[in-house]
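A quick write-up on the structure given underneath.
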Amino acid sequence: MGRSGGRRRDRLRWSKLYTFACFRSSHSNNEAVGGGPAAAGGSAVGGPGFTRVVHCNNSAVHRRKPLKYPTNYISTTKYNILTFLPKAIFEQFRRVANLYFLLTAILSLTPVCPFSAVSMIAPLAFVVGLSMIKEGVEDWRRFMQDMKVNNRKVAVHKGVGEFEYRHWEDLAVGDVVKVEKDQFFPADLLLLSSSYEDGICYVETMNLDGETNLKVKRSLEVTLPLEEDESFKDFQGLIRCEDPNPSLYTFIGNLEYERQIYAIDPFQILLRDSKLRNTSFIYGVVIFTGHDSKVMQNSTESPSKRSTIEKKMDLIIYILFTVLVLISLISSIGFAVRIKYDLPNWWYLQPEKSNKLDDPTRPALSGIFHLITALILYGYLIPISLYVSIELVKVLQAHFINQDLHMFDEDTGNTAQARTSNLNEELGQVHTILSDKTGTLTCNQMDFLKCSIAGVSYGVGSSEVELAAAKQMASGDDGQDIHVQDVWENNEDEIQLVEGVTFSVGRTRKSSIKGFSFEDDRLMQGNWTKEPNSSTILMFFRILAVCHTAIPEVNEATGALTYEAESPDEGAFLVAAREFGFEFFKRTQSSVFVREKFSSSNGPVEREFKILNLLEFNSKRKRMSVILKDEDGQILLFCKGADSIIFDRLAKNGRMIEADTSKHLNDYGEAGLRTLALSYRVLDESEYSSWNAEFLKAKTSIGPDRELQLERVSELIERDLILVGATAVEDKLQSGVPQCIDRLAQAGLKIWVLTGDKMETAINIGYACSLLRQGMRRICLSIPTDDQVAQDANKAAKESLMSQIANGSQMVKLEKDPDAAFALVIDGKALTFALEDDMKHMFLNLAIECASVICCRVSPKQKALVTPSITNP
């Protein structure tokens, strides 16, 4: 490979945009050798469990003893050439029926067998052979998938500053690799540098944790100069770190480079099977390869799976075999008695010439031989053809699953893949499905639908939840059940709900702009300038366009702008700002550039906003802020976050629209929309200067309380805000979710949905996805809010909940209609008590009687507790 071409010319000083600088350590000798962060972070290095040594750019050392690290070759197969026969045969004879047929086949070789041995051996060989062939074919498919992965190519430093492409399986620990945009990382890597000046890169970890949001990784500052291929000509370093382990989110290690020691943390580690996004390229050094990598450490060997039906069949075989032995024993005892007492009188059988099979002088021996004969003769009580049929059905079912067009993903071109056919019948044994909402029922694709600005609600479009509510009201009015898809496909612009009340559907519901489904002419095409509060609307749009951490990407073929953001909500905000006429199109080291179409009478204007500080969003803060200086030299703070957080930080003169905005937020929430409140503050130069000095001090502090200091300093500036408005984005349902849930319900499956939404929103979403249907009796369990603080508040809450559960159970028992369906809705506070030992069985007995269960306002921890409670009541 030639020169990489250097880094992007619009280099980003990410330490000014992100608060990464507050995580960076100062790498002086004093800190590294003494009690600084390097020493603290790597204090365990060299001890038990921390013996890994990696010689960077010198992979040959690791192929020899005493290191001898494994190659990057991976295998997820169950068998190999040597183990296939013994392991496959063992798998087949784990079945009790096959053991029985093997026993009868061996007995058929004896002289007492009443028919040819071939008639017993051939069916057994056919059944076992067919099953082994099926296992072999399925394992061969796993092998081919492994080969496809192992034969992927990546650029590896071969020496003298040049890179060449090699197969993944040829990688070794210590190799320096160059991974390009949209490629998977071939092994666990230490990030050395990237195409950005500050050494950051975006990583998609969907294959590891299922999350589609991008994660930001950053390199150590000391390796930032390694920015081109030639810079690795003389690169040498030593990594001492933890041994291979399955922990995806932790890493402890040190990098010894240029006679100094630098602490390595998880921010510098790129894990195998995650993908590089939004970054032209990165350089990294291989730390863990193959089965030492964290993703492979988390995988288990391909298990020998046996379905529930197969285990039950073993029990049936035991029963049948017991009956068979009993019949054979009775027959043999009768035969022995007849041989002893009656055979001597049967002169025509010439008893004096009898052999040992019917010797009157040895009736017991004759009975034993007859027992063997009877076992073989009556052996057809256990049909071997049943197993042949089952194996053929399983193979055909797996083929049909793989070829099913209803399970074909048109976007990716992928079909369903049945990697093993042993568990096909388990699909018919599912009785309860537990589902999250975001990313499962919904597709985690956000569409900007509505907004509230200056106390005025904008956006006339309707969400899927609102359409479901319209369906509910319409069907409740005329007694007919209207499917969601009927509402969508209705050619009418309005649905008549009750007399004098209509609900607008609109024919152009599906927008051609991804992330933008907003419909309201008052804000489009610059019409917002005619609104009475145009200055507030201008501030609203600027907050959308500037308050974020996204990066614009230009499609070279079409010239269109796309945005790489850490969350889909942020991407939807930027698309909305662009459609409103505020296009974020460029980011430099310390500035954001926005092209404003309608804010000036002179036409489109490109404005520069200098980013002074960025206070990041996290789950604890529930807000993010950006401090900037506009072209007039005014210092502004833009803040967006959860409404409860923003409202607590409003100034007295910033609450004028709080009541109207709160009402709109409640309406949006009931419509199933995700909401954020937007606010701003004008800062004095002196106030900002004194605060910034304290903020920089907190950022550069070293110690475990650095994050607490940053949070405290952020609180000082994020106050006295002026409320501007709120946004409402829709997380759309996955395609076909209502129809799928409806069919699952018709099949008798019980469906539980666990969501963090409030009860009203969860109920509306339940109607949207057909989880709640017309005619369903709802049982709502919640703990009433009591303003009075009592010592026995928990006791009173439990008694109230127990009474509600008892009433619900009584309602179910008294229901005479056999086709009646019940739905249970419970909030997180009530669920906390319901899962306690003294109430769990009552709650689960009620839940089992309900066709649908919605758990709302539940925390991630409660979600984890619900599943084992159901599976192990």
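How things are named: the first chain in the structure tokens is A, the next is B, and so on; residues count from 1 in each chain; ligands count from 1 in the order shown.
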
DSSP strand (DSSP E or B) residues within region 628-864 of chain A, listed as an MDAnalysis selection string: chainID A and resid 628:629 635:641 650 674:683 721:733 750:754 777:781 822:827 852:856

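Of all the residues in region 179-257 of chain A, the ones DSSP labels as alpha helix (DSSP H) from the backbone are Met206, Asn207, Leu208 and Asp209 of chain A.
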
Residue subset to file, keeping all heavy atoms, as a PDB file, in the first residue's frame:
ATOM      1  N   MET A 206     -22.944  -3.325  17.451  1.00  0.00           N
ATOM      2  CA  MET A 206     -24.206  -4.067  17.369  1.00  0.00           C
ATOM      3  C   MET A 206     -23.990  -5.575  17.497  1.00  0.00           C
ATOM      4  O   MET A 206     -24.794  -6.285  18.101  1.00  0.00           O
ATOM      5  CB  MET A 206     -24.916  -3.747  16.055  1.00  0.00           C
ATOM      6  CG  MET A 206     -26.305  -4.351  15.942  1.00  0.00           C
ATOM      7  SD  MET A 206     -27.249  -3.655  14.575  1.00  0.00           S
ATOM      8  CE  MET A 206     -26.172  -4.043  13.197  1.00  0.00           C
ATOM      9  N   ASN A 207     -22.893  -6.096  16.941  1.00  0.00           N
ATOM     10  CA  ASN A 207     -22.633  -7.528  17.027  1.00  0.00           C
ATOM     11  C   ASN A 207     -22.259  -7.975  18.433  1.00  0.00           C
ATOM     12  O   ASN A 207     -22.297  -9.178  18.729  1.00  0.00           O
ATOM     13  CB  ASN A 207     -21.505  -7.927  16.057  1.00  0.00           C
ATOM     14  CG  ASN A 207     -21.950  -7.893  14.616  1.00  0.00           C
ATOM     15  OD1 ASN A 207     -23.138  -7.765  14.328  1.00  0.00           O
ATOM     16  ND2 ASN A 207     -21.017  -7.998  13.699  1.00  0.00           N
ATOM     17  N   LEU A 208     -21.887  -7.027  19.279  1.00  0.00           N
ATOM     18  CA  LEU A 208     -21.470  -7.379  20.647  1.00  0.00           C
ATOM     19  C   LEU A 208     -22.612  -7.221  21.643  1.00  0.00           C
ATOM     20  O   LEU A 208     -22.863  -8.112  22.458  1.00  0.00           O
ATOM     21  CB  LEU A 208     -20.282  -6.513  21.086  1.00  0.00           C
ATOM     22  CG  LEU A 208     -19.037  -6.553  20.205  1.00  0.00           C
ATOM     23  CD1 LEU A 208     -17.959  -5.655  20.781  1.00  0.00           C
ATOM     24  CD2 LEU A 208     -18.515  -7.970  20.075  1.00  0.00           C
ATOM     25  N   ASP A 209     -23.283  -6.079  21.603  1.00  0.00           N
ATOM     26  CA  ASP A 209     -24.301  -5.807  22.616  1.00  0.00           C
ATOM     27  C   ASP A 209     -25.663  -5.464  22.027  1.00  0.00           C
ATOM     28  O   ASP A 209     -26.593  -5.148  22.775  1.00  0.00           O
ATOM     29  CB  ASP A 209     -23.855  -4.667  23.540  1.00  0.00           C
ATOM     30  CG  ASP A 209     -23.431  -3.414  22.760  1.00  0.00           C
ATOM     31  OD1 ASP A 209     -23.851  -3.263  21.597  1.00  0.00           O
ATOM     32  OD2 ASP A 209     -22.663  -2.607  23.314  1.00  0.00           O
TER      33      ASP A 209
END

Nearest-residue call for Val54 (chain A), choices A:Asn422, A:Ser247, A:Ser770, A:Asn254, using only C-alpha atoms: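 Of A:Asn422, A:Ser247, A:Ser770, A:Asn254, the one nearest Val54 (chain A) is A:Asn254, counting only C-alpha atoms.
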
Contact residues around Val160 (chain A) with only C-alpha atoms at 8 Å, ignoring same-chain residues under 4 positions, as a list of chain:residue names: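 That gives A:Glu230, A:Phe232, A:Lys233, A:Asp234.
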
Could you save those same residues with all heavy atoms as a PDB file, in the first residue's frame?
ATOM      1  N   GLU A 230       4.146   5.354   6.724  1.00  0.00           N
ATOM      2  CA  GLU A 230       5.593   5.408   6.906  1.00  0.00           C
ATOM      3  C   GLU A 230       5.995   5.595   8.373  1.00  0.00           C
ATOM      4  O   GLU A 230       7.111   5.251   8.765  1.00  0.00           O
ATOM      5  CB  GLU A 230       6.190   6.559   6.074  1.00  0.00           C
ATOM      6  CG  GLU A 230       6.179   6.316   4.564  1.00  0.00           C
ATOM      7  CD  GLU A 230       4.822   6.626   3.951  1.00  0.00           C
ATOM      8  OE1 GLU A 230       3.889   6.954   4.710  1.00  0.00           O
ATOM      9  OE2 GLU A 230       4.695   6.513   2.711  1.00  0.00           O
ATOM     10  N   PHE A 232       5.217   3.975  10.844  1.00  0.00           N
ATOM     11  CA  PHE A 232       5.349   2.717  11.584  1.00  0.00           C
ATOM     12  C   PHE A 232       6.641   1.971  11.237  1.00  0.00           C
ATOM     13  O   PHE A 232       6.851   0.853  11.685  1.00  0.00           O
ATOM     14  CB  PHE A 232       4.143   1.807  11.302  1.00  0.00           C
ATOM     15  CG  PHE A 232       2.873   2.303  11.918  1.00  0.00           C
ATOM     16  CD1 PHE A 232       1.996   3.100  11.195  1.00  0.00           C
ATOM     17  CD2 PHE A 232       2.563   2.014  13.237  1.00  0.00           C
ATOM     18  CE1 PHE A 232       0.835   3.581  11.763  1.00  0.00           C
ATOM     19  CE2 PHE A 232       1.409   2.488  13.815  1.00  0.00           C
ATOM     20  CZ  PHE A 232       0.538   3.274  13.075  1.00  0.00           C
ATOM     21  N   LYS A 233       7.474   2.626  10.448  1.00  0.00           N
ATOM     22  CA  LYS A 233       8.723   1.979  10.031  1.00  0.00           C
ATOM     23  C   LYS A 233       9.576   1.589  11.230  1.00  0.00           C
ATOM     24  O   LYS A 233      10.117   0.474  11.289  1.00  0.00           O
ATOM     25  CB  LYS A 233       9.489   2.925   9.098  1.00  0.00           C
ATOM     26  CG  LYS A 233      10.795   2.357   8.582  1.00  0.00           C
ATOM     27  CD  LYS A 233      11.466   3.346   7.623  1.00  0.00           C
ATOM     28  CE  LYS A 233      12.767   2.785   7.083  1.00  0.00           C
ATOM     29  NZ  LYS A 233      13.433   3.745   6.147  1.00  0.00           N
ATOM     30  N   ASP A 234       9.695   2.465  12.198  1.00  0.00           N
ATOM     31  CA  ASP A 234      10.531   2.208  13.373  1.00  0.00           C
ATOM     32  C   ASP A 234       9.716   2.134  14.658  1.00  0.00           C
ATOM     33  O   ASP A 234      10.254   2.296  15.755  1.00  0.00           O
ATOM     34  CB  ASP A 234      11.592   3.314  13.505  1.00  0.00           C
ATOM     35  CG  ASP A 234      12.483   3.388  12.276  1.00  0.00           C
ATOM     36  OD1 ASP A 234      12.889   2.327  11.781  1.00  0.00           O
ATOM     37  OD2 ASP A 234      12.742   4.521  11.811  1.00  0.00           O
TER      38      ASP A 234
END

Surrounding residues of Gly654 (chain A) excluding itself and chain neighbours under 4 positions, 10 Å, only C-alpha atoms, as a ChimeraX atom specification: /A:647,649-650,658,679-681,720-724

Point-to-point distance from CA of Phe235 (chain A) to CA of Ile74 (chain A), Å rounded to tenths: 28.5 Å

One-decimal distance in Å that lies between CA of Met539 (chain A) and CA of Asp684 (chain A):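 Atom-to-atom, CA of Asp684 (chain A) to CA of Met539 (chain A), that is 18.3 Å.
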
Residue among A:Phe448, A:Trp168, A:Trp346, A:Tyr283 lying closest to Ser462 (chain A), counting only C-alpha atoms: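 Comparing A:Phe448, A:Trp168, A:Trp346, A:Tyr283 against Ser462 (chain A), the winner is A:Phe448.
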
Spatial neighbours of Cys451 (chain A), max dist 10 Å, only C-alpha atoms, sep filter under 6 positions, as a PyMOL selection string: chain A and resi 457-459+518+540+661+664-665+668+675-677+725-729

Mind dumping the selected residues with C-alpha atoms as a compact mmCIF listing (two decimals), in the first residue's frame?
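Wrote again-v8.txt, looks like this:
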# COMPACT_ATOMS: atom_id res chain seq x y z
CA SER A 457 -47.74 23.28 19.22
CA TYR A 458 -46.68 22.67 15.63
CA GLY A 459 -47.10 19.55 13.55
CA PHE A 518 -43.20 16.86 10.14
CA PHE A 540 -35.28 27.00 18.69
CA THR A 661 -45.16 23.43 27.05
CA HIS A 664 -47.93 19.74 24.96
CA LEU A 665 -45.30 17.38 26.42
CA TYR A 668 -46.84 14.07 22.96
CA THR A 675 -39.68 14.35 24.02
CA LEU A 676 -36.90 16.76 24.95
CA ALA A 677 -37.10 20.34 26.26
CA GLY A 725 -39.87 24.80 23.52
CA ALA A 726 -39.81 21.02 23.15
CA THR A 727 -39.33 18.42 20.46
CA ALA A 728 -41.29 15.23 19.82
CA VAL A 729 -39.84 12.44 17.72

Of the listed residues A:Glu258, A:Glu799, A:Glu579, A:Glu566, that which approaches Asp521 (chain A) most closely, counting only C-alpha atoms: A:Glu579
